[in-house]
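Have a look at the structure below, then the notes.
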Amino acid sequence: MTLNQIVSIQRKTQVQQADMSLLTTLAEVAQVYAMVFPIRGSERNQGDQTEARANYRFTMHQRTDILDDDVLVWNGHQFNIRFIADKGQGSIYLKIEAERGVAV
């Protein structure tokens, strides 16, 4: 298995603004090497716009610090994590299914 793509794992954090309001931003947790595999894609009409959505599978070395609401960034695109296939201790690889083209 070739893990040759650089993927950034980012986490949503809240930063307090000068006016005391909270702003949600993304902070990088780690950069990892992964194998990226497209699963499926589709288009849908939302309002007057056509939106392209695509599902991908990211395979990386086992990690325990990834959360369901983290965001993966690959090739400048943000991917919303849909499923973390964690096989538990002793597993070498971690597989994550994520979707591009949806709200992060």
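By order of appearance in the structure tokens: chains A, B, ..., then residues from 1 within every chain, and ligands from 1 in the order shown.
Omitting Asp70 (chain A) and its sequence neighbours fewer than 2 positions away, and counting only C-alpha atoms, the residues within 6 Å are Gln10, Arg11, Leu67 and Asp68 of chain A.
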Residues just named, written with N, CA, C and O atoms as an mmCIF file, in the first residue's frame:
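The resulting file, again05.cif, is shown below:
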```cif
data_model
loop_
_atom_site.group_PDB
_atom_site.id
_atom_site.type_symbol
_atom_site.label_atom_id
_atom_site.label_comp_id
_atom_site.auth_asym_id
_atom_site.auth_seq_id
_atom_site.Cartn_x
_atom_site.Cartn_y
_atom_site.Cartn_z
ATOM 1 N N GLN A 10 -7.579 18.714 10.328
ATOM 2 C CA GLN A 10 -7.872 19.991 10.977
ATOM 3 C C GLN A 10 -9.063 19.846 11.916
ATOM 4 O O GLN A 10 -9.969 19.065 11.665
ATOM 5 N N ARG A 11 -9.031 20.618 12.996
ATOM 6 C CA ARG A 11 -10.068 20.555 14.016
ATOM 7 C C ARG A 11 -10.712 21.926 14.181
ATOM 8 O O ARG A 11 -10.046 22.952 14.152
ATOM 9 N N LEU A 67 -11.134 12.889 15.393
ATOM 10 C CA LEU A 67 -12.522 12.950 15.849
ATOM 11 C C LEU A 67 -13.467 12.955 14.653
ATOM 12 O O LEU A 67 -13.094 13.345 13.543
ATOM 13 N N ASP A 68 -14.724 12.577 14.899
ATOM 14 C CA ASP A 68 -15.733 12.542 13.828
ATOM 15 C C ASP A 68 -15.993 13.915 13.218
ATOM 16 O O ASP A 68 -16.383 14.004 12.060
#
```
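Once Arg100 (chain A) and its same-chain neighbours fewer than 6 positions away are set aside, A:Arg53, A:Ala54, A:Phe79 remain within 6 Å of it when counting only C-alpha atoms.
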*Find the spatial neighbours of His61 (chain A), counting only C-alpha atoms, within a cut-off of 7 Å - ignore same-chain residues fewer than 2 positions away - and output them as an MDAnalysis selection string.*
chainID A and resid 63 92:94
*6 Å contact set for Leu3 (chain A), only C-alpha atoms, chain neighbours under 5 positions out, as a PyMOL selection string*: chain A and resi 33-35
*Hey, which of A:Ser8, A:Met1, A:Ile39, A:Thr25 ends up closest to Ile66 (chain A)? Count only C-alpha atoms.*
A:Ser8
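Reported to one decimal place, the separation of CA of Asp65 (chain A) from CA of Val15 (chain A) is 21.2 Å.
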